[in-house]
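Colleague: Please find target_22.txt (compact mmCIF, C-alpha atoms) on the next line:
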# COMPACT_ATOMS: atom_id res chain seq x y z
CA MET C 1 32.53 -2.86 17.49
CA SER C 2 32.90 -6.15 19.32
CA ASN C 3 30.26 -8.80 18.70
CA VAL C 4 30.21 -9.53 22.42
CA ILE C 5 28.31 -6.80 24.24
CA GLN C 6 27.35 -7.20 27.87
CA ALA C 7 26.55 -5.18 30.97
CA ILE C 8 25.27 -2.08 29.19
CA GLU C 9 24.25 0.53 31.74
CA ALA C 10 20.50 0.63 32.24
CA PRO C 11 18.88 3.98 31.34
CA ALA C 12 17.02 6.07 33.88
CA ASP C 13 13.96 6.17 31.61
CA TYR C 14 13.28 3.31 29.18
CA GLY C 15 10.39 5.26 27.70
CA ARG C 16 12.78 7.73 26.00
CA PHE C 17 14.09 5.09 23.61
CA PRO C 18 14.74 4.60 20.77
CA ASP C 19 16.75 7.74 20.01
CA PRO C 20 15.77 9.85 16.96
CA LEU C 21 17.73 7.52 14.67
CA GLY C 22 16.04 4.42 16.03
CA HIS C 23 18.78 3.12 18.31
CA PHE C 24 18.28 1.15 21.51
CA GLY C 25 21.81 1.45 22.83
CA PRO C 26 23.98 -0.29 20.17
CA TYR C 27 20.98 -2.02 18.57
CA GLY C 28 18.31 -1.06 16.03
CA GLY C 29 19.03 1.66 13.48
CA ARG C 30 18.52 1.41 9.75
CA PHE C 31 20.62 -0.91 7.56
CA VAL C 32 18.89 -0.91 4.16
CA PRO C 33 19.66 -0.23 0.48
CA GLU C 34 19.71 3.45 -0.51
CA LEU C 35 16.42 3.17 -2.42
CA LEU C 36 14.54 2.33 0.80
CA MET C 37 15.82 5.35 2.76
CA ALA C 38 13.31 7.75 1.19
CA PRO C 39 10.23 5.58 1.86
CA LEU C 40 11.44 4.95 5.42
CA ASP C 41 11.85 8.70 5.93
CA GLU C 42 8.33 9.19 4.53
CA LEU C 43 7.01 6.58 6.95
CA SER C 44 8.84 8.17 9.90
CA ARG C 45 7.37 11.57 9.14
CA ALA C 46 3.87 10.15 8.76
CA TYR C 47 4.09 8.15 11.99
CA THR C 48 5.48 11.12 13.93
CA ARG C 49 2.61 13.26 12.65
CA PHE C 50 -0.30 10.86 13.12
CA ARG C 51 0.76 9.28 16.43
CA GLU C 52 -0.10 12.63 18.02
CA ASP C 53 -3.16 13.30 15.85
CA PRO C 54 -6.40 13.16 17.89
CA GLU C 55 -8.51 12.00 14.92
CA PHE C 56 -6.09 9.15 14.12
CA GLN C 57 -5.98 8.06 17.75
CA ALA C 58 -9.77 8.24 18.07
CA GLU C 59 -10.27 6.07 14.97
CA LEU C 60 -7.68 3.57 16.18
CA TYR C 61 -9.21 3.42 19.65
CA SER C 62 -12.69 2.91 18.18
CA ASP C 63 -11.50 0.09 15.91
CA LEU C 64 -9.60 -1.61 18.75
CA GLN C 65 -12.75 -1.48 20.85
CA HIS C 66 -15.43 -2.37 18.31
CA TYR C 67 -13.58 -4.41 15.64
CA VAL C 68 -10.73 -6.06 17.56
CA GLY C 69 -12.66 -6.53 20.81
CA ARG C 70 -10.55 -4.67 23.36
CA PRO C 71 -10.03 -4.57 26.24
CA THR C 72 -9.24 -8.28 26.49
CA PRO C 73 -9.82 -9.96 29.89
CA LEU C 74 -7.22 -10.59 32.56
CA TYR C 75 -8.21 -14.10 33.65
CA PHE C 76 -7.27 -15.85 36.89
CA ALA C 77 -6.49 -19.46 35.89
CA GLU C 78 -7.42 -20.89 39.28
CA HIS C 79 -7.56 -24.58 38.37
CA TRP C 80 -4.24 -24.40 36.56
CA SER C 81 -2.71 -22.45 39.48
CA ASN C 82 -3.82 -25.14 41.91
CA GLN C 83 -2.30 -27.86 39.73
CA VAL C 84 1.04 -26.06 39.36
CA GLY C 85 1.34 -24.81 42.95
CA GLY C 86 3.14 -21.67 44.10
CA ALA C 87 2.22 -18.30 42.61
CA ARG C 88 -1.22 -17.41 41.23
CA LEU C 89 -1.30 -17.54 37.42
CA TYR C 90 -3.20 -15.03 35.31
CA LEU C 91 -3.66 -15.00 31.53
CA LYS C 92 -3.91 -11.82 29.48
CA ARG C 93 -6.36 -13.12 26.87
CA GLU C 94 -4.99 -11.81 23.56
CA ASP C 95 -6.27 -15.06 22.03
CA LEU C 96 -9.73 -13.46 22.23
CA ASP C 97 -8.78 -10.65 19.84
CA HIS C 98 -10.55 -10.73 16.46
CA THR C 99 -8.66 -13.20 14.19
CA GLY C 100 -7.27 -14.98 17.26
CA ALA C 101 -4.04 -13.26 18.26
CA HIS C 102 -2.42 -10.01 19.34
CA LYS C 103 -1.22 -9.39 15.79
CA ILE C 104 -4.30 -7.39 14.83
CA ASN C 105 -3.46 -4.58 17.31
CA ASN C 106 -0.50 -3.67 15.12
CA THR C 107 -2.01 -4.39 11.69
CA MET C 108 -4.96 -2.15 12.49
CA GLY C 109 -2.65 0.73 13.43
CA GLN C 110 -0.39 0.33 10.40
CA ALA C 111 -3.31 -0.07 7.97
CA LEU C 112 -4.92 3.15 9.22
CA LEU C 113 -1.56 4.87 8.80
CA ALA C 114 -1.22 3.48 5.24
CA ALA C 115 -4.66 4.84 4.36
CA ARG C 116 -3.65 8.32 5.52
CA MET C 117 -0.47 8.08 3.43
CA GLY C 118 -2.53 7.25 0.34
CA LYS C 119 -1.13 3.70 0.02
CA ARG C 120 -3.78 1.25 -1.14
CA ARG C 121 -1.59 -1.83 -1.72
CA ILE C 122 -0.32 -3.74 1.33
CA VAL C 123 2.46 -6.34 1.51
CA ALA C 124 3.21 -8.42 4.58
CA GLU C 125 5.07 -11.53 5.67
CA THR C 126 3.93 -14.20 8.07
CA GLY C 127 5.26 -17.28 9.84
CA ALA C 128 2.48 -18.95 11.81
CA GLY C 129 -0.06 -17.14 9.69
CA GLN C 130 -1.61 -15.02 12.44
CA HIS C 131 -0.02 -11.79 11.20
CA GLY C 132 -1.09 -12.66 7.67
CA VAL C 133 -4.66 -13.34 8.75
CA ALA C 134 -4.78 -10.09 10.74
CA THR C 135 -3.40 -8.15 7.77
CA ALA C 136 -5.89 -9.78 5.38
CA ALA C 137 -8.73 -8.91 7.74
CA VAL C 138 -7.93 -5.20 8.05
CA CYS C 139 -7.26 -4.94 4.30
CA ALA C 140 -10.66 -6.48 3.56
CA ARG C 141 -12.30 -4.03 5.92
CA LEU C 142 -10.50 -1.01 4.43
CA GLY C 143 -10.78 -2.16 0.81
CA MET C 144 -7.03 -2.54 0.24
CA GLU C 145 -5.13 -4.96 -1.99
CA CYS C 146 -3.24 -7.47 0.17
CA VAL C 147 -0.23 -9.65 -0.73
CA VAL C 148 1.20 -11.95 1.97
CA TYR C 149 4.59 -13.72 1.63
CA MET C 150 4.92 -16.97 3.54
CA GLY C 151 7.62 -19.63 3.61
CA ALA C 152 6.54 -22.77 1.76
CA GLU C 153 7.22 -24.89 4.86
CA ASP C 154 4.96 -22.59 6.89
CA VAL C 155 2.30 -22.76 4.16
CA ARG C 156 2.29 -26.51 4.72
CA ARG C 157 2.27 -26.24 8.55
CA GLN C 158 -0.41 -23.53 8.66
CA SER C 159 -2.74 -24.50 5.83
CA VAL C 160 -5.85 -23.42 7.73
CA ASN C 161 -4.53 -19.89 8.12
CA VAL C 162 -3.56 -19.80 4.44
CA TYR C 163 -7.17 -20.63 3.55
CA ARG C 164 -8.45 -17.95 5.95
CA MET C 165 -6.26 -15.33 4.25
CA ARG C 166 -7.48 -16.33 0.81
CA LEU C 167 -11.11 -16.28 1.96
CA MET C 168 -10.61 -12.63 2.94
CA GLY C 169 -9.20 -11.75 -0.48
CA ALA C 170 -5.45 -11.84 0.17
CA ARG C 171 -2.97 -13.30 -2.31
CA VAL C 172 -0.65 -15.68 -0.46
CA VAL C 173 2.75 -16.14 -2.12
CA PRO C 174 4.70 -19.26 -1.00
CA VAL C 175 8.46 -18.62 -0.72
CA GLU C 176 10.63 -21.55 -1.78
CA SER C 177 14.08 -20.07 -1.03
CA GLY C 178 16.29 -20.76 2.01
CA THR C 179 14.70 -22.72 4.82
CA ARG C 180 11.26 -21.81 3.40
CA THR C 181 10.23 -20.14 6.70
CA LEU C 182 9.71 -16.65 8.13
CA LYS C 183 13.21 -15.30 7.41
CA ASP C 184 12.81 -16.04 3.72
CA ALA C 185 9.29 -14.55 3.65
CA LEU C 186 10.71 -11.31 5.10
CA ASN C 187 13.32 -11.18 2.35
CA GLU C 188 10.67 -11.47 -0.37
CA ALA C 189 8.37 -8.91 1.25
CA PHE C 190 11.26 -6.41 1.38
CA ARG C 191 11.99 -7.02 -2.32
CA ASP C 192 8.34 -6.42 -3.25
CA TRP C 193 8.21 -3.21 -1.21
CA ALA C 194 11.45 -1.93 -2.74
CA ALA C 195 10.02 -2.47 -6.23
CA ASN C 196 6.64 -0.85 -5.53
CA VAL C 197 7.24 1.89 -2.96
CA ASP C 198 5.07 4.47 -4.72
CA ASP C 199 1.75 2.77 -3.98
CA THR C 200 2.68 0.06 -1.45
CA PHE C 201 2.90 -0.01 2.35
CA TYR C 202 4.81 -2.83 4.07
CA ILE C 203 3.10 -3.95 7.28
CA ILE C 204 5.84 -5.64 9.31
CA GLY C 205 4.42 -7.99 11.90
CA THR C 206 7.01 -7.80 14.61
CA VAL C 207 9.29 -5.35 16.43
CA ALA C 208 12.17 -5.90 14.00
CA GLY C 209 13.22 -4.27 10.73
CA PRO C 210 14.65 -0.80 10.05
CA HIS C 211 13.65 2.28 12.03
CA PRO C 212 10.82 3.25 12.61
CA TYR C 213 9.28 -0.26 12.53
CA PRO C 214 10.53 -1.54 15.95
CA GLU C 215 9.25 1.60 17.68
CA MET C 216 5.99 1.79 15.71
CA VAL C 217 5.02 -1.86 16.19
CA ARG C 218 5.90 -1.63 19.89
CA ASP C 219 3.70 1.43 20.32
CA PHE C 220 0.72 -0.26 18.63
CA GLN C 221 1.18 -3.40 20.76
CA ALA C 222 1.74 -1.54 24.05
CA VAL C 223 -2.03 -1.49 24.53
CA ILE C 224 -1.53 -5.04 25.93
CA GLY C 225 0.71 -3.87 28.76
CA ARG C 226 -1.31 -0.72 29.50
CA GLU C 227 -4.48 -2.76 29.90
CA THR C 228 -2.67 -5.39 32.00
CA ARG C 229 -1.32 -2.71 34.30
CA GLU C 230 -4.73 -1.09 34.77
CA GLN C 231 -6.48 -4.44 35.27
CA CYS C 232 -3.97 -5.58 37.90
CA LEU C 233 -4.41 -2.36 39.84
CA ASP C 234 -8.22 -2.51 39.51
CA GLN C 235 -8.53 -6.17 40.49
CA HIS C 236 -5.80 -6.44 43.13
CA GLY C 237 -4.67 -2.97 43.98
CA GLU C 238 -1.09 -3.80 43.05
CA LEU C 239 1.12 -4.73 40.15
CA PRO C 240 2.03 -8.37 39.41
CA ASP C 241 5.25 -9.84 40.73
CA ALA C 242 6.23 -11.20 37.32
CA LEU C 243 5.36 -11.06 33.62
CA VAL C 244 6.04 -13.86 31.14
CA ALA C 245 5.68 -13.81 27.34
CA CYS C 246 7.07 -15.81 24.42
CA VAL C 247 9.65 -14.20 22.13
CA GLY C 248 10.14 -14.86 18.44
CA GLY C 249 10.51 -11.48 16.80
CA GLY C 250 9.04 -10.25 20.06
CA SER C 251 5.95 -8.11 19.37
CA ASN C 252 3.58 -9.63 21.91
CA ALA C 253 6.32 -9.61 24.53
CA ILE C 254 7.41 -6.01 24.05
CA GLY C 255 3.75 -4.96 23.93
CA MET C 256 3.23 -6.40 27.40
CA PHE C 257 6.65 -5.49 28.84
CA HIS C 258 7.06 -1.88 27.76
CA PRO C 259 4.52 -0.21 30.10
CA PHE C 260 6.17 -2.06 33.04
CA LEU C 261 9.83 -1.32 32.33
CA GLN C 262 9.98 1.50 34.89
CA ASP C 263 8.38 -0.72 37.56
CA ARG C 264 11.60 -2.28 38.83
CA GLU C 265 9.74 -4.44 41.35
CA VAL C 266 8.09 -6.37 38.50
CA ALA C 267 10.31 -9.21 37.23
CA ILE C 268 10.05 -9.77 33.47
CA TYR C 269 10.80 -12.95 31.52
CA GLY C 270 10.94 -13.48 27.75
CA VAL C 271 10.81 -17.10 26.59
CA GLU C 272 12.52 -18.17 23.38
CA ALA C 273 12.09 -21.36 21.36
CA GLY C 274 14.67 -23.88 22.55
CA GLY C 275 13.65 -26.33 19.80
CA GLU C 276 15.43 -29.63 20.31
CA GLY C 277 17.69 -27.97 22.90
CA VAL C 278 19.86 -24.84 22.86
CA ASP C 279 22.98 -27.03 23.04
CA THR C 280 21.98 -28.98 19.90
CA GLY C 281 22.05 -26.01 17.54
CA ARG C 282 18.50 -26.90 16.40
CA HIS C 283 16.58 -24.07 18.02
CA ALA C 284 15.40 -20.48 17.45
CA ALA C 285 16.86 -18.73 20.48
CA PRO C 286 19.19 -15.88 19.39
CA LEU C 287 19.11 -14.13 22.76
CA SER C 288 20.04 -17.33 24.58
CA ALA C 289 22.64 -18.61 22.13
CA GLY C 290 23.30 -15.97 19.47
CA ARG C 291 25.41 -12.88 19.01
CA PRO C 292 24.95 -9.33 17.66
CA GLY C 293 24.80 -8.79 13.91
CA VAL C 294 22.65 -7.21 11.20
CA LEU C 295 19.54 -8.78 9.66
CA HIS C 296 16.45 -7.37 7.96
CA GLY C 297 17.51 -3.75 8.38
CA ASN C 298 18.47 -3.63 12.06
CA ARG C 299 21.28 -4.58 14.42
CA THR C 300 20.28 -7.15 17.00
CA TYR C 301 21.07 -10.63 18.32
CA LEU C 302 21.16 -13.27 15.58
CA MET C 303 21.84 -16.91 15.01
CA GLU C 304 24.83 -16.85 12.68
CA ASN C 305 27.91 -18.97 12.17
CA GLU C 306 31.59 -17.95 12.39
CA ASP C 307 31.46 -16.72 8.78
CA GLY C 308 28.52 -14.43 9.53
CA GLN C 309 26.02 -16.62 7.66
CA ILE C 310 22.52 -16.93 9.12
CA MET C 311 22.03 -20.40 10.58
CA PRO C 312 18.95 -22.58 9.95
CA THR C 313 16.44 -22.44 12.79
CA HIS C 314 14.10 -25.02 14.25
CA SER C 315 11.01 -24.77 16.42
CA LEU C 316 7.82 -26.72 16.78
CA SER C 317 6.14 -23.32 16.56
CA ALA C 318 6.19 -21.62 13.15
CA GLY C 319 5.68 -18.22 14.78
CA LEU C 320 8.92 -18.48 16.78
CA ASP C 321 10.98 -19.99 13.95
CA TYR C 322 13.10 -16.88 13.25
CA PRO C 323 16.90 -16.39 13.59
CA GLY C 324 16.68 -12.80 14.91
CA VAL C 325 14.76 -10.77 17.46
CA GLY C 326 13.60 -7.18 17.85
CA PRO C 327 16.44 -4.77 18.76
CA GLU C 328 14.73 -3.49 21.90
CA HIS C 329 14.82 -7.04 23.29
CA ALA C 330 18.55 -7.20 22.55
CA TRP C 331 19.05 -3.99 24.52
CA LEU C 332 16.83 -5.14 27.41
CA LYS C 333 18.86 -8.33 27.62
CA ASP C 334 22.15 -6.48 27.89
CA THR C 335 20.86 -3.95 30.41
CA GLY C 336 19.52 -6.81 32.51
CA ARG C 337 16.00 -5.41 32.76
CA VAL C 338 14.44 -8.51 31.16
CA ASN C 339 15.50 -12.11 31.72
CA TYR C 340 15.53 -14.22 28.57
CA VAL C 341 15.24 -17.99 28.84
CA ALA C 342 14.48 -20.89 26.49
CA VAL C 343 11.91 -23.70 26.54
CA ASP C 344 12.26 -26.72 24.25
CA ASP C 345 9.67 -28.33 21.97
CA HIS C 346 8.90 -31.12 24.42
CA GLU C 347 8.24 -28.73 27.31
CA ALA C 348 6.06 -26.47 25.13
CA LEU C 349 4.01 -29.41 23.88
CA ALA C 350 3.42 -30.61 27.44
CA ALA C 351 2.31 -27.11 28.46
CA PHE C 352 -0.01 -26.95 25.42
CA HIS C 353 -1.84 -30.04 26.67
CA GLY C 354 -1.64 -29.02 30.32
CA LEU C 355 -3.37 -25.66 29.99
CA THR C 356 -5.92 -27.07 27.55
CA ARG C 357 -6.98 -29.78 30.01
CA ALA C 358 -6.82 -27.55 33.10
CA GLU C 359 -8.69 -24.50 31.81
CA GLY C 360 -10.38 -25.41 28.50
CA ILE C 361 -8.16 -22.84 26.74
CA ILE C 362 -6.15 -24.11 23.74
CA PRO C 363 -3.08 -21.86 23.49
CA ALA C 364 -1.00 -21.26 20.39
CA LEU C 365 2.25 -23.22 20.37
CA GLU C 366 4.05 -19.88 20.64
CA THR C 367 2.18 -19.11 23.84
CA ALA C 368 2.80 -22.63 25.13
CA HIS C 369 6.49 -21.74 25.50
CA ALA C 370 5.58 -18.93 27.93
CA ILE C 371 3.17 -21.21 29.76
CA ALA C 372 5.83 -23.87 30.22
CA TYR C 373 8.27 -21.39 31.77
CA ALA C 374 5.57 -19.80 33.95
CA GLU C 375 4.92 -23.22 35.49
CA LYS C 376 8.60 -23.51 36.45
CA LEU C 377 8.64 -19.97 37.80
CA ALA C 378 5.41 -20.29 39.79
CA ALA C 379 6.68 -23.36 41.59
CA ARG C 380 9.55 -21.24 43.01
CA MET C 381 7.25 -18.44 44.21
CA ARG C 382 4.89 -17.93 47.15
CA PRO C 383 1.10 -18.45 46.93
CA ASP C 384 0.50 -14.75 47.62
CA GLN C 385 2.54 -13.74 44.55
CA THR C 386 1.17 -13.35 41.01
CA ILE C 387 2.39 -14.01 37.49
CA VAL C 388 0.72 -12.66 34.34
CA ILE C 389 1.32 -14.65 31.16
CA ASN C 390 0.52 -13.11 27.82
CA CYS C 391 -1.78 -15.62 26.11
CA SER C 392 -0.75 -14.20 22.75
CA GLY C 393 -2.83 -16.42 20.46
CA ARG C 394 -5.22 -19.33 20.25
CA GLY C 395 -4.10 -22.77 19.23
CA ASP C 396 -6.71 -23.80 16.67
CA LYS C 397 -4.14 -23.13 13.96
CA ASP C 398 -1.68 -25.55 15.57
CA ILE C 399 -3.93 -28.58 15.96
CA ASN C 400 -2.68 -30.22 12.75
CA THR C 401 0.95 -29.69 13.84
CA VAL C 402 0.34 -31.22 17.27
CA ALA C 403 -1.55 -34.15 15.78
CA GLU C 404 1.23 -34.81 13.26
CA VAL C 405 3.92 -34.73 15.97
CA GLU C 406 1.91 -37.19 18.05
CA GLY C 407 1.25 -39.52 15.12
CA MET C 408 -2.45 -38.79 14.78
CA GLU C 409 -4.40 -38.33 11.56
CA LEU C 410 -7.25 -35.80 11.69
Before we go any further, please render this structure as structure tokens.

Modeller:
Amino acid sequence: MSNVIQAIEAPADYGRFPDPLGHFGPYGGRFVPELLMAPLDELSRAYTRFREDPEFQAELYSDLQHYVGRPTPLYFAEHWSNQVGGARLYLKREDLDHTGAHKINNTMGQALLAARMGKRRIVAETGAGQHGVATAAVCARLGMECVVYMGAEDVRRQSVNVYRMRLMGARVVPVESGTRTLKDALNEAFRDWAANVDDTFYIIGTVAGPHPYPEMVRDFQAVIGRETREQCLDQHGELPDALVACVGGGSNAIGMFHPFLQDREVAIYGVEAGGEGVDTGRHAAPLSAGRPGVLHGNRTYLMENEDGQIMPTHSLSAGLDYPGVGPEHAWLKDTGRVNYVAVDDHEALAAFHGLTRAEGIIPALETAHAIAYAEKLAARMRPDQTIVINCSGRGDKDINTVAEVEGMEL
């Protein structure tokens, strides 16, 4: 199959995907060693069974409400809107979730599933640390052993989150191989899972990996979009004109986008990490400047060179510093349903400061990429139009990074 795939026909119903083998058009699927096929089949059967189980859904709903803190608010950022001009800007406040980011929606669902499968040992990987913190939290609550793999460079950048994980009883394993970031942490987590499949459940933090992970993580995160949809209709009597979310692996974005895919009048934008500029090669924007290939068990857009080797990535934001993306995003790009763009480090940093000063909300550096693009978009829209930005996480964890970039010592 050609590596250049464009203009795939859009389906009549996005909700019917993936297919039973985990494909979103030519993307997704399951590309793993033979020894992982049986545990993935076991996971698929368990997820198919419990996703329809009323007791499982009731426990998950209760935990999302009472432990995570859902529903999160849909907040009209009036002061910020007035500063930017153009469309009205709303924030879906996932930064107010317990542990500070959307990640816990998914970790709660997967941990409850692991408990029903009799798995008491959890492994996970993390980049910015938010998925690791969320995994450590739910493991502490459910009395599970927790091992989190994290690139050594990310351990340095996100030392506060490393300490939070250890406080909650997790063992954090720094990964020294490769670029010492999220890609390398994923590799080590897969190796651990492959060696301990009998008693271990791998909680993947994003909508990537072999089937059924992209579908399962999307389903657990889709609570973001369902709430946003209901809140827009309740507060305004209509859907927003546009949605904007940042995209690394893409879990917060697909969680917000998926319940809106059939609403063709709603424009949707995913914002990748442009790093020092997409033209420089120092970025983390596979949808903007990559090509299809296979990584971490699924076929999707990647950053790879002419020899098929994964290229080093760069982003100010550890959570976006990944050379791949979830396969559903790859498919949505090619069908044209979602527009994928890139914002560079400088623009994201400016947006980080701008929202903080305008609204007293410190966004994660990941979120700051979406905020920066929303400002550009709003300026081209009318004052009676609305944009909802997924405020996917809070920026406390990034204060040391911002201070270091700006030459400050805390």

Colleague: Could you check which of C:Thr300, C:Thr181, C:Thr135, C:Ser288 is closest to Gly169 (chain C), using all atoms listed in the file?

Modeller: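 When distances to Gly169 (chain C) are compared using all atoms listed in the file, the smallest one comes from C:Thr135.
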
Colleague: Between CA of Met165 (chain C) and CA of Asn105 (chain C), measure the distance and give it in Å to one decimal.

Modeller: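 Result for CA of Met165 (chain C) versus CA of Asn105 (chain C): 17.1 Å, one decimal.
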
Colleague: Got a sec: who's within 12 Å of Thr280 (chain C), counting all atoms listed in the file, leaving out chain neighbours fewer than 4 positions off, as JSON, numbers by chain?

Modeller: {"C": [274, 275, 276, 284, 285, 289, 313, 314, 344]}

Colleague: Which one of C:Val223, C:Ile399, C:Ile389, C:Leu349 sits closest to Leu89 (chain C) if you count only C-alpha atoms?

Modeller: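 Closest candidate: C:Ile389.
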
Colleague: Taking all atoms listed in the file into account, produce a table as JSON lines in which each residue of region 73-155 of chain C with an atom at most 12 Å from an atom of region 214-221 of chain C appears once, together with its shortest atom pair and the distance in Å to one decimal, ordered by chain and rising number.

Modeller:
{"residue": "C:Glu94", "atom": "CA", "partner": "C:Gln221", "partner_atom": "CA", "distance": 10.8}
{"residue": "C:Ala101", "atom": "CA", "partner": "C:Gln221", "partner_atom": "CA", "distance": 11.4}
{"residue": "C:His102", "atom": "CA", "partner": "C:Gln221", "partner_atom": "CA", "distance": 7.7}
{"residue": "C:Lys103", "atom": "CA", "partner": "C:Gln221", "partner_atom": "CA", "distance": 8.1}
{"residue": "C:Ile104", "atom": "CA", "partner": "C:Gln221", "partner_atom": "CA", "distance": 9.0}
{"residue": "C:Asn105", "atom": "CA", "partner": "C:Gln221", "partner_atom": "CA", "distance": 5.9}
{"residue": "C:Asn106", "atom": "CA", "partner": "C:Phe220", "partner_atom": "CA", "distance": 5.0}
{"residue": "C:Thr107", "atom": "CA", "partner": "C:Phe220", "partner_atom": "CA", "distance": 8.5}
{"residue": "C:Met108", "atom": "CA", "partner": "C:Phe220", "partner_atom": "CA", "distance": 8.6}
{"residue": "C:Gly109", "atom": "CA", "partner": "C:Phe220", "partner_atom": "CA", "distance": 6.3}
{"residue": "C:Gln110", "atom": "CA", "partner": "C:Val217", "partner_atom": "CA", "distance": 8.2}
{"residue": "C:Ala111", "atom": "CA", "partner": "C:Phe220", "partner_atom": "CA", "distance": 11.4}
{"residue": "C:Leu112", "atom": "CA", "partner": "C:Phe220", "partner_atom": "CA", "distance": 11.5}
{"residue": "C:Leu113", "atom": "CA", "partner": "C:Met216", "partner_atom": "CA", "distance": 10.7}

Colleague: In Å to one decimal, how far is CA of Gln158 (chain C) from CA of His353 (chain C)?

Modeller: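 These atoms are spaced 19.2 Å apart.
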
Colleague: So that I can check the surroundings of Ala12 (chain C), please list as an NGL selection string every protein, DNA and RNA residue that reaches within 9 Å of it, counting all atoms listed in the file and ignoring chain neighbours fewer than 2 positions away.

Modeller: :C and (10 or 14 or 262)

Colleague: Got a sec: who's within 8 Å of region 184-198 of chain C, counting all atoms listed in the file, leaving out chain neighbours fewer than 5 positions off, as a PyMOL selection string?

Modeller: chain C and resi 35-36+39+119+123-127+148-151+175+177-179+296
